[in-house]
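So the structure is just underneath, and the comments pick up after that.
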Amino acid sequence: MKRQLWIIILLPFILFADPVSIYASQAPGMRVHFIDVGQGDSILIETPLDRTILIDGGPPEAGEKVVDYIKKQKINQIDVLISTHPDIDHIGGLLKVLDSVEVEEAYDTGKLHPTKTFANYINKLRDLEIPVHLAEKDVPIEVDPMIQIDVWNSYHRFSTNNESSIVLKLTYGDIDMLLMSDVGKSQEKQIMKNYDIQAEVIKVGHHGSKTSSSLKFLQEVSPKISILTYSKENRYGHPVNRVIENLYAVKSSIYSTAALGNIVLETDGKSLVITPEENPIQKFIRESVG
């Protein structure tokens with residue numbers, strides 16, 4: 001038991017100590033924020049032409065933090081809101097966002113989910129008269145002509161919430177990012193079969209769960225940077241050792257919101273800069289004292 005406890009404590013320091021040596025030669029044109037919402041996802045994108053995209057909003061208790069983070073960036077409007085699937089750790093915080101920030105249009109999977117949170121979310125979109133589009137596989141989401149957002153997975157009949165998750169490939173210049181939401185190995189196989197999946201950055205699927213991130217898939221992606229979004233207090237054991245070992249095997253630099261807080265990735269379409277909010281030791285001390 002004692003050995004297990006030390007692994008849990010030391011794991012963030014082992015995983016995230018090495019910085020990524022990728023630097024931009026000029027001012028970046030796009031910023032991608034991986035917001036620390038605990039156990040969940042929330043990704044804010046500022047495009048080269050200053051359009052704004054919010055992908056998911058974390059669990060309900062993270063809603064206020066997401067709103068504060070958006071406003072700290074001096075953003076008053078979300079041009080495109082994307083809910084990747086209706087699980088509470090992805091849409092729960094969006095209710096607060098919709099109450100606090102103007103949203104121009106929204107994308108959804110079309111997957112129904114019999115929960116109060118999902119019903120409140122759909123009703124809020126309707127009450128605010130926000131246009132809602134269903135994300136369709138192979139139909140790009142058009143936001144900014146300088147970037148490409150391709151949909152590689154979306155809802156299909158009889159699929160679960162996670163299987164229906166919207167998977168996005170975001171491309172700006174020479175830089176590709178895969179945002180895997182919560183899809184599993186079966187969806188990874190289909191994506192490998194249908195697309196060229198090499199990418200410089202991956203948001204690791206399902207918070208590093210055992211259900212996702214097969215070695216073969218990660219070998220084909222060959223990401224320089226991997227982003228893990230999870231809370232170190234989560235009860236699911238995320239991220240599992242196999243996923244971490246697979247990421248090490250493909251020589252990817254790993255960054256985690258659990259260890260580093262908010263993570264900002266900036267790119268000019270040719271190179272990348274990663275800025276973590278804090279180092280893991282500082283975060284561990286602050287949370288221990290608090």
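Chain lettering (A, B, ...) mirrors the order of the structure tokens, residue numbering begins at 1 for each chain separately, and ligand numbering begins at 1 in order of display.
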
Exercise: stretch 204-207 of chain A partners within 9 Å, only C-alpha atoms, chain neighbours under 2 positions left out, as a list in words: Gln39, Gly40, Asp41, Asn162, Leu178, Leu179, Met180, Ser181, Asp182, Val183, Gly184, Ile202, Ser209, Lys210, Thr211, Ser212, Ser213, Ser226, Ile227, Leu228, Thr229, Tyr230, His238 and Pro239 of chain A

Non-local contacts of A:Ile35 (12 Å; only C-alpha atoms; under 4 positions in same chain excluded) as JSON, numbers by chain: {"A": [39, 40, 41, 42, 43, 44, 45, 54, 55, 56, 57, 58, 59, 62, 63, 64, 65, 66, 67, 68, 69, 70, 90, 93, 227, 228, 229, 230, 231, 256, 257, 258, 260, 261, 262, 263, 264, 265, 276, 277]}

Atomic separation - atom CA of A:Asp144 relative to atom CA of A:Met30, Å: 10.9 Å

All helix (DSSP H, G or I) residues (DSSP, backbone) inside stretch 39-101 of chain A, as a list in words: Pro60, Glu61, Ala62, Gly63, Glu64, Lys65, Val66, Val67, Asp68, Tyr69, Ile70, Lys71, Lys72, Ile88, Asp89, His90, Ile91, Leu94, Leu95, Lys96, Val97, Leu98, Asp99 and Ser100 of chain A

Test item, strand (DSSP E) assignment across stretch 56-132 of chain A, answer as a ChimeraX atom specification: /A:77-82,102-108,132

Filtering to C-alpha atoms, could you give me those residues as a PDB file, in the first residue's frame?
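result_2.pdb, written as the output of this step:
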ATOM      1  CA  GLN A  77     -17.993  36.181 -27.064  1.00  0.00           C
ATOM      2  CA  ILE A  78     -17.630  32.538 -28.081  1.00  0.00           C
ATOM      3  CA  ASP A  79     -18.128  32.243 -31.830  1.00  0.00           C
ATOM      4  CA  VAL A  80     -18.431  28.449 -31.858  1.00  0.00           C
ATOM      5  CA  LEU A  81     -19.281  26.204 -28.903  1.00  0.00           C
ATOM      6  CA  ILE A  82     -18.668  22.466 -29.371  1.00  0.00           C
ATOM      7  CA  GLU A 102     -22.473  35.335 -25.441  1.00  0.00           C
ATOM      8  CA  VAL A 103     -22.387  32.300 -27.744  1.00  0.00           C
ATOM      9  CA  GLU A 104     -23.027  32.691 -31.481  1.00  0.00           C
ATOM     10  CA  GLU A 105     -23.588  29.051 -32.496  1.00  0.00           C
ATOM     11  CA  ALA A 106     -23.140  25.555 -31.141  1.00  0.00           C
ATOM     12  CA  TYR A 107     -22.245  22.085 -32.394  1.00  0.00           C
ATOM     13  CA  ASP A 108     -23.520  18.893 -30.796  1.00  0.00           C
ATOM     14  CA  VAL A 132     -27.325  24.317 -32.964  1.00  0.00           C
TER      15      VAL A 132
END

Distance in Å - atom CA of A:Tyr172 versus atom CA of A:Ile274: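 Separation between atom CA of A:Tyr172 and atom CA of A:Ile274: 15.9 Å.
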
Interatomic distance, atom CA of A:Glu233 to atom CA of A:Glu163 (Å, one decimal): 24.9 Å

Contacts of A:Ile197 within 7 Å, only C-alpha atoms, excl. fewer than 3 positions in-chain, as a PyMOL selection string: chain A and resi 192+220-221
